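Each remark here refers to the structure printed beneath this line.
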Amino acid sequence: MFKFLGEMFGAFWVTLRHAFRPRATVLYPEQRTQRAKRFRGRIVLTRDPDGQERCVACYLCSSVCPVDCINIQGTEDQHERRYPEKFDIDFSRCIFCGLCEEACPTLAIQLTQDFELCQTDKNNMVWHKADLLIDKQGKDPDYNYYKHAGVAVKGKKIGANKDELSPVDIYSNLP
Amino acid sequence: MEKILSRNFSAGPLDFAAYKAADGYKTLESVIGRPRGDLLNELKQSGLKGCGGAGFLTALKWSFKAPDAPHPIYLVVNLDEAEPGSFKDRQVLYRDPHTLIEGTIAASYVLNADKAFIFIRGEYRKGARLLEKAVQEAHNNGLLGQNIMNSGWGLEIDVHLSAGRYICGEETALLNALEGYRANPRSKPPFPVAKGLWGQPTIVNNAETISHVPFILARGAQWFKDQGINGAFGSHIYQVSGAVKSPGFFELPLGTTAREIIFNQAGGMLPGRKLTGFLPGGASTQFMLPEHLDIPLHWDGPPTVGSRLGTGGIIVMDDHICPIDFMSNLMLFFTRESCGYCTPCRDGLPYVKHLLDKFEQGSATEKDIDTLKELCEVIYPNTFCAFAPGALMPITTGVEKFESLLHEHIKNKGCTMKRCA
Amino acid sequence: MGTIYIDDKPVEFEAGQNVLQATLKAGIDITYFCYHEALGSAGSCRLCAMELEPTKKDDKSRVVMSCMQVAQDGQRYRLNKGSADKVRQHVVEYYMTRHPHDCPVCDEAGHCHLQDMTILSRQTYRRYDGKKQTFPDQEMGPLIWNTANRCITCYRCARFYQNYALGDDFGVYCSGQKTTFRRSEPGAFDSPFSGNMIDVCPTGTFTDKVFRRKYSRTWQLEKATSVCNHCSTGCNTEPGGREGTLRRIHPMTNPHINPHFICDRGRYGEHYSEASDRPLKCIIRKGAKNPYDNIYTHLTRCLKKASGRIGILSSEHEDLQTHYMLKQLAVHYKGIFSPFILPDTETRTRSAIQATQLPPSLPDIETADAAIILGSLTEAAPMMDLAVRQLIAKQKPIIMVHAVPSLLADLIQHRNAGEVISATPKNWHQVIDHLDTSRLSDEKVKKIVLLGVAGEMDVPAINAFSRLKEKLSQETVTVQSGFALEGANAMGAAVISNENSAHELLEAIQKLYVDTLIVCGADPFGEGAAEWEPLRNKIRQLIVLDNINTETVKQADIVLPLATWSERCGYSVNYEGRVQPFEQAYQRSSVISPTEFVAHLTPHSVEALYRQRDVWLTQLSAQLVISDQMGIQLNLQQLSGIKNTYSSHIETEGLQLVKLPWHGGGVRADFAKELASCNPWKDHYVYLHTDTAKQLNVTTGKQLHFKSGASLEVLCDNRITKDCLAVTPLTLGRIKCKANIVLPLHQIHTGETDQ
């Protein structure tokens with residue numbers, strides 16, 4: 001009889017003991033967990049340190065995307081700098097694999113730690129460029145692709161990069 | 001030794017009358033009219049080799065021309081002397097142009113050529129004017145034009161001033177330049193002796209070689225052989241540049257040792273300078289070290305230590321010059337002079353220069369020595385023409401012979417010679 | 001002939017081929033840049049290195065460049081084993097020392113030969129840390145975009161432009177690592193083939209500027225094999241479209257017509273489908289439509305009411321399938337069908353086809369021993385001109401007769417490659433009969449090609465052409481004669497229609513037998529205004545299907561948007577009689593194909609119509625010799641119904657009005673705005689030789705009045721043949737005169753004052 005009571009109280013005691021232990025549960029949405037630095041959440045398009053958008057519409061992210069959720073149409077501005085005139089991501093298809101971030105050569109497209117993307121209407125899950133473009137550089141604050149590419153854009157002439165010689169003077173045969 | 005090419009230099013440049021008075025054009029009497037086969041044989045016996053750098057047996061090159069070669073046949077005299085360290089052809093041009101013309105006429109006769117082009121480096125403008133005047137004089141006196149010396153054979157000489165650069169010295173690039181095209185080399189085969197200028201049989205020879213020809217044919221092969229020493233045949237104009245007391249040119253028997261030339265003829269090193277190495281034949285030859293000073297500078301001498309005679313233009317390197325800097329300077333010249341046709345030369349040579357500069361500036365690593373060696377190994381045999389192999393000759397030997405210096409540069413993070421510019 | 005061994009694998013080769021050619025033909029992957037099948041080997045890139053094994057016991061193997069090695073039977077090469085691999089990797093590394101980091105912003109990425117070769121060579125890591133040489137870009141006109149930094153100096157562009165296309169305004173500058181390729185001055189290229197620089201260039205140095213403005217990666221494009229519809233050569237193209245719009249035209253290899261290249265008109269002219277004023281909606285201007293009807297119900301009702309009084313007009317620029325479908329429509333509604341707008345065009349086309357014998361394909365022209373050309377070939381069929389240029393490069397004799405300025409005539413004169421005779425077209429029959437062909441009687445001449453431009457020749461000239469052909473044909477000499485016809489499918493139009501169909505239709509309208517006209521892909525009130533304008537008020541219902549905003553579309557009562565050849569499928573017959581199918585490359589939502597159109601207006605379904613078409617085509621080819629080449633080739637001598645009996649009265653005294661073509665112009669190509677901006681001739685002017693101007697007592701700036709009431713300002717230009725008045729095709733429509741008519745002097749007035 002005491003043994004039975006002892007076991008019962010023992011079980012209750014374990015339960016009681018656990019009642020006052022700190023919880024593992026996070027009371028979402030009032031409290032939020034800390035995500036890992038490389039957590040793959042919402043996709044953003046970043047800007048370079050000069051404030052121009054980094055995306056040059058190279059179509060690499062849309063091509064590598066395993067579910068074809070990215071739709072791009074590129075164009076150029078009047079200074080011959082390429083940018084996407086249309087950049088749509090269908091988040092109902094996106095699997096947040098991060099292949100687009102890996103593929104991007106200008107470090108434009110990045111995955112952030114935000115995962116709160118619910119919508120009630122599936123059509124609202126298609127995000128356009130205005131929704132994706134952010135003001136800052138995201139994870140890589142220093143990279144400006146045009147400082148490494150050979151093409152000229154506003155503010156950078158041909159041959160102005162650190163690793164380039166000045167352009168050939170075609171009217172002279174002197175070295 | 002008898003002075004052949006430089007016999008009139010102290011009095012020159014001689015005009016036609018004075019040249020004739022000094023026994024000029026006498027050799028033509030024993031050349032024109034003789035059977036061409038005999039003359040070619042005489043040349044073969046004499047062992048004359050090309051003085052433009054390659055050292056190919058002249059008579060052998062001439063014998064490649066087919067007996068039934070279609071006319072017109074052309075002779076091109078290559079006076080595009082742009083090899084750094086070479087200034088011998090210029091002497092004949094400026095000081096005794098008629099010797100050159102005499103040689104051209106004799107060589108053209110043997111080859112049965114109809115027209116001879118003398119292709120002169122663009123910077124030798126004054127020399128070209130002198131030569132044009134001399135050609136006109138020779139023409140007026142019946143030594144050019146139709147039926148020279150009643151032999152039934154005629155010759156016209158065209159003096160052409162180059163508009164290009166170093167690569168025009170390459171024989172097929174020279175032909176392209178003469179035809180009015182960009183001076184890119186052509187692929188061989190077909191060789192110029194079969195299809196050269198405008199598809200016709202063409203022989204291209206250096207000016208000094210051509211100038212020797214009438215004397216060999218007139219005096220005989222044995223006489224020419226006797227002019228050389230240490231087993232070589234003939235004489236040669238050697239040039240010396242660098243920190244020596246009297247740099248200049250000297251007509252000496254072929255086979256003279258470097259010691260004789262540098263320390264006797266050129267007066268030896270300047271006070272306070274020590275010899276650390278030399279390039280025996282212009283910039284496109286391999287380094288020779290002070291221990292090789294006694295090797296006779298003829299065609300077979302420098303090859304025993306991995307070098308070559310080239311043009312005989314000795315560039316002396318002393319202990320005030322860092323060999324790495326020296327090589328980098330040479331590469332600066334060669335990268336600029338590349339014609340740009342093939343990739344290993346156009347893009348590979350600047351890569352070599354960049355690596356040499358890294359050593360000088362102190363940013364080099366051990367890996368760069370391996371890369372440098374690898375580059376030299378791969379570029380050397382895989383280019384379109386012989387320009388890049390020539391450019392790499394001093395580098396390959398320099399890297400090999402001065403490797404310890406490369407390591408020192410890495411350790412020192414820069415040039416170890418504080419006195420180099 | 002023989003076998004060589006590459007990595008112990010036997011590879012067959014033909015006599016004269018180099019090792020690289022044999023390797024590529026065997027399908028083995030090898031890196032190369034400067035070799036091109038049409039341009040030959042240069043030996044400059046040093047990338048095709050292979051190791052040749054020694055034949056003698058004590059020799060060493062050596063690395064050779066396979067494009068410079070003529071293949072010899074029994075030679076053994078090592079490709080992937082041995083020391084050649086290292087050489088290839090080094091060469092790629094050398095290229096990469098100065099190639100800019102441009103791939104994401106480069107148009108060529110994805111179809112870039114440099115990318116492919118770099119990956120193939122497995123040299124993909126960079127150890128060079130020096131500086132890159134950069135180059136200034138050059139403005140090269142509205143068609144080509146230049147980014148000189150990316151150049152790898154393979155010399156292909158210079159070899160194509162100077163040695164193959166015989167142009168002289170583009171070449172090599174500077175030397176060494178500073179070598180760059182540019183024009184002597186900024187501006188558009190002079191050559192009609194400059195667009196091919198985009199294809200020969202292995203990197204993104206020369207890219208398509210028109211494509212750049214609506215760029216898409218090439219792997220995303222919807223492509224198909226199509227046929228160019230801008231001239232009768234019928235080169236194969238590959239249109240690339242995306243999201244319902246045309247992005248670019250790329251050449252498709254056809255070894256029998258265009259093995260490598262296409263002309264600028266074919267490449268850029270197709271962008272007329274993107275013109276801002278292209279009709280893309282159904283418009284009903286006259287005839288009230290019941291709001292519950294769709295366009296087809298409305299049309300069916302109109303046509304049923306007009307049954308028996310219907311005329312259907314198409315043009316030489318529309319394909320054989322369209323003509324067949326429209327003919328079925330005509331049968332259903334008892335109408336008259338004509339695929340020719342003007343009777344003169346029909347006459348010329350039929351006569352030309354009669355005079356065609358053993359029509360020379362473009363490769364046939366390139367391998368001929370001599371050529372006689374009648375007309376401005378460059379402007380009529382540029383690819384034929386490119387084939388003739390290969391004869392000029394080989395210094396074969398050429399004789400050319402022309403009236404309007406032609407780039408080919410200029411080239412022949414400039415290079416002293418033959419004889420050029422400038423004569424008014426009305427005198428050509430005399431010129432041809434008295435042509436001095438002595439330079440062609442050399443024993444080395446075994447094959448002569450005789451090419452005529454049908455649009456510039458009248459029937460007497462075509463008859464003289466036949467006589468010349470007879471004169472030149474001998475036992476040892478073959479003569480191949482062909483014509484550059486006046487439309488891409490002019491030959492097909494002649495095959496499918498009855499004799500005199502154009503004249504019949506015009507007469508029927510004149511006599512009020514026909515009052516409803518369906519026009520498909522034709523511009524009778526623009527191009528054919530001379531004969532059609534007076535009949536406009538006799539046509540009560542004008543229904544037009546077209547894809548360009550022509551004069552006819554502007555005057556139409558009902559307009560339907562027509563699909564272009566890239567947007568639908570069909571069959572086209574080129575000047576040789578080669579029937580070629582073309583496929584739909586991409587789908588444009590708002591446009592209609594003619595088959596669809598006919599299917600909706602008749603009880604047949606689209607599938608049924610296709611079956612009927614197949615039966616007809618089988619019957620057509622059953623009577624004829626079928627060659628085993630791509631597409632059936634019709635034996636023109638056996639075709640019936642080619643003959644033409646209509647002929648108009650030909651004036652002989654006076655000045656001849658001629659069309660001024662240019663190599664990028666055409667009925668549809670004129671609407672491609674980037675290409676049309678290069679037109680050297682101005683519309684609404686008349687060009688005269690100064691002697692002709694003196695004859696008429698005018699100078700530059702004065703006005704010339706024509707009988708039709710129109711007047712044009714004069715521009716004197718001594719390139720125009722004497723006794724000719726030259727105007728652009730658009731102007732011809734405006735002044736409502738027929739091409740090649742001879743105007744007696746009293747029909748041309750000069751104004752005293754400018755009006």
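Chain labels follow the order of the structure tokens: the first chain is A, the next B, and so on; residue numbering restarts at 1 in every chain, and ligands are counted from 1 in their shown order.
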
Practice prompt. Pull the helix (DSSP H, G or I) assignments for segment 226-384 of chain C out of DSSP run on the backbone, and list those residues as a PyMOL selection string.
Written response: chain C and resi 264-274+295-305+320-332+343-355+362-366+377-380+382-384

Item to complete: Could the residues of chain C within 6 Å of chain A, counting only C-alpha atoms, be given as a list in words, please?
Response: Pro100, His101, Asp102, Pro104, Lys131, Lys132, Gln133, Thr134, Phe135 and Pro136 of chain C

Create the file for the chosen residues now, containing C-alpha atoms and written as a compact mmCIF listing (two decimals), in the first residue's frame.
```txt
# COMPACT_ATOMS: atom_id res chain seq x y z
CA PRO C 100 37.11 41.20 -67.47
CA HIS C 101 34.86 39.93 -64.71
CA ASP C 102 31.82 40.57 -66.87
CA PRO C 104 26.80 38.40 -65.14
CA LYS C 131 46.57 44.19 -63.70
CA LYS C 132 44.31 43.73 -66.72
CA GLN C 133 44.70 45.64 -69.96
CA THR C 134 41.52 47.52 -70.84
CA PHE C 135 40.29 48.88 -74.13
CA PRO C 136 37.98 51.69 -75.19
```

Worksheet item: Which residues of chain B are close to chain A, meaning at most 12 Å apart when you count only C-alpha atoms, and how do they look as a VMD selection string?
Response: chain B and resid 163 to 165 332 to 339

Selected residues, N, CA and C atoms, written as a PDB file, in the first residue's frame, please.
```
ATOM      1  N   ALA B 163      58.034  50.553 -91.499  1.00  0.00           N
ATOM      2  CA  ALA B 163      57.143  51.412 -90.714  1.00  0.00           C
ATOM      3  C   ALA B 163      56.780  50.730 -89.404  1.00  0.00           C
ATOM      4  N   GLY B 164      57.382  49.603 -89.152  1.00  0.00           N
ATOM      5  CA  GLY B 164      56.955  48.803 -88.011  1.00  0.00           C
ATOM      6  C   GLY B 164      58.003  48.729 -86.931  1.00  0.00           C
ATOM      7  N   ARG B 165      58.034  47.613 -86.263  1.00  0.00           N
ATOM      8  CA  ARG B 165      58.884  47.487 -85.089  1.00  0.00           C
ATOM      9  C   ARG B 165      59.724  46.218 -85.135  1.00  0.00           C
ATOM     10  N   LEU B 332      60.184  43.951 -70.421  1.00  0.00           N
ATOM     11  CA  LEU B 332      59.423  45.148 -70.773  1.00  0.00           C
ATOM     12  C   LEU B 332      59.529  45.399 -72.270  1.00  0.00           C
ATOM     13  N   PHE B 333      60.762  45.259 -72.784  1.00  0.00           N
ATOM     14  CA  PHE B 333      60.963  45.425 -74.221  1.00  0.00           C
ATOM     15  C   PHE B 333      60.176  44.374 -74.996  1.00  0.00           C
ATOM     16  N   PHE B 334      60.323  43.107 -74.606  1.00  0.00           N
ATOM     17  CA  PHE B 334      59.709  42.056 -75.409  1.00  0.00           C
ATOM     18  C   PHE B 334      58.185  42.092 -75.350  1.00  0.00           C
ATOM     19  N   THR B 335      57.615  42.427 -74.183  1.00  0.00           N
ATOM     20  CA  THR B 335      56.156  42.474 -74.139  1.00  0.00           C
ATOM     21  C   THR B 335      55.628  43.580 -75.034  1.00  0.00           C
ATOM     22  N   ARG B 336      56.369  44.679 -75.121  1.00  0.00           N
ATOM     23  CA  ARG B 336      55.903  45.760 -75.979  1.00  0.00           C
ATOM     24  C   ARG B 336      56.061  45.416 -77.441  1.00  0.00           C
ATOM     25  N   GLU B 337      57.061  44.620 -77.785  1.00  0.00           N
ATOM     26  CA  GLU B 337      57.336  44.341 -79.186  1.00  0.00           C
ATOM     27  C   GLU B 337      56.568  43.142 -79.730  1.00  0.00           C
ATOM     28  N   SER B 338      55.831  42.448 -78.890  1.00  0.00           N
ATOM     29  CA  SER B 338      55.079  41.312 -79.398  1.00  0.00           C
ATOM     30  C   SER B 338      54.067  41.783 -80.433  1.00  0.00           C
ATOM     31  N   CYS B 339      53.860  40.993 -81.509  1.00  0.00           N
ATOM     32  CA  CYS B 339      52.917  41.445 -82.526  1.00  0.00           C
ATOM     33  C   CYS B 339      51.486  41.246 -82.065  1.00  0.00           C
TER      34      CYS B 339
END
```

Item to complete: Would you kindly return, as a VMD selection string, each protein, DNA or RNA residue with an atom no farther than 10 Å from any atom of segment 380-382 of chain C, considering only C-alpha atoms and excluding same-chain residues fewer than 5 positions away?
Response: chain C and resid 192 to 193 230 to 234 262 to 266 375 387 to 388 406 to 408 452 to 456 483 to 488 661 to 666

Discussion item. Would you mind listing, as an MDAnalysis selection string, all residues of chain C that have at least one atom within 9 Å of chain B, where only C-alpha atoms are what counts?
Written reply: chainID C and resid 42:47 49 63:65 68 86:87 90:95 97:98 128:131 152:155 172 174:179

Output file for the selection above: C-alpha atoms, as a PDB file, in the first residue's frame:
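And here's out06.pdb as it stands now:
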```
ATOM      1  CA  ALA C  42      44.756  30.949 -88.220  1.00  0.00           C
ATOM      2  CA  GLY C  43      47.012  29.230 -85.716  1.00  0.00           C
ATOM      3  CA  SER C  44      46.841  32.209 -83.413  1.00  0.00           C
ATOM      4  CA  CYS C  45      45.053  31.001 -80.325  1.00  0.00           C
ATOM      5  CA  ARG C  46      47.348  27.986 -79.681  1.00  0.00           C
ATOM      6  CA  LEU C  47      44.503  26.295 -77.859  1.00  0.00           C
ATOM      7  CA  ALA C  49      47.209  21.689 -78.936  1.00  0.00           C
ATOM      8  CA  VAL C  63      52.956  19.246 -79.174  1.00  0.00           C
ATOM      9  CA  VAL C  64      51.428  20.600 -82.371  1.00  0.00           C
ATOM     10  CA  MET C  65      48.487  22.828 -83.108  1.00  0.00           C
ATOM     11  CA  MET C  68      47.570  23.794 -88.662  1.00  0.00           C
ATOM     12  CA  LYS C  86      48.920  21.383 -69.712  1.00  0.00           C
ATOM     13  CA  VAL C  87      49.523  23.573 -72.746  1.00  0.00           C
ATOM     14  CA  HIS C  90      48.082  27.433 -69.699  1.00  0.00           C
ATOM     15  CA  VAL C  91      46.703  29.101 -72.807  1.00  0.00           C
ATOM     16  CA  VAL C  92      43.307  29.470 -71.131  1.00  0.00           C
ATOM     17  CA  GLU C  93      45.050  30.881 -68.080  1.00  0.00           C
ATOM     18  CA  TYR C  94      46.807  33.437 -70.256  1.00  0.00           C
ATOM     19  CA  TYR C  95      43.472  34.526 -71.733  1.00  0.00           C
ATOM     20  CA  THR C  97      44.796  37.121 -67.078  1.00  0.00           C
ATOM     21  CA  ARG C  98      43.070  39.978 -68.844  1.00  0.00           C
ATOM     22  CA  TYR C 128      47.462  35.740 -61.780  1.00  0.00           C
ATOM     23  CA  ASP C 129      47.256  38.779 -59.550  1.00  0.00           C
ATOM     24  CA  GLY C 130      48.471  41.492 -61.879  1.00  0.00           C
ATOM     25  CA  LYS C 131      46.570  44.193 -63.702  1.00  0.00           C
ATOM     26  CA  ILE C 152      40.568  37.395 -76.862  1.00  0.00           C
ATOM     27  CA  THR C 153      42.246  38.430 -80.121  1.00  0.00           C
ATOM     28  CA  CYS C 154      41.301  35.329 -82.057  1.00  0.00           C
ATOM     29  CA  TYR C 155      41.168  37.486 -85.231  1.00  0.00           C
ATOM     30  CA  VAL C 172      43.080  45.623 -86.327  1.00  0.00           C
ATOM     31  CA  CYS C 174      47.794  48.529 -82.181  1.00  0.00           C
ATOM     32  CA  SER C 175      50.035  45.578 -81.446  1.00  0.00           C
ATOM     33  CA  GLY C 176      50.984  43.199 -78.694  1.00  0.00           C
ATOM     34  CA  GLN C 177      48.657  43.057 -75.771  1.00  0.00           C
ATOM     35  CA  LYS C 178      47.042  46.285 -76.923  1.00  0.00           C
ATOM     36  CA  THR C 179      45.667  44.715 -80.100  1.00  0.00           C
TER      37      THR C 179
END
```
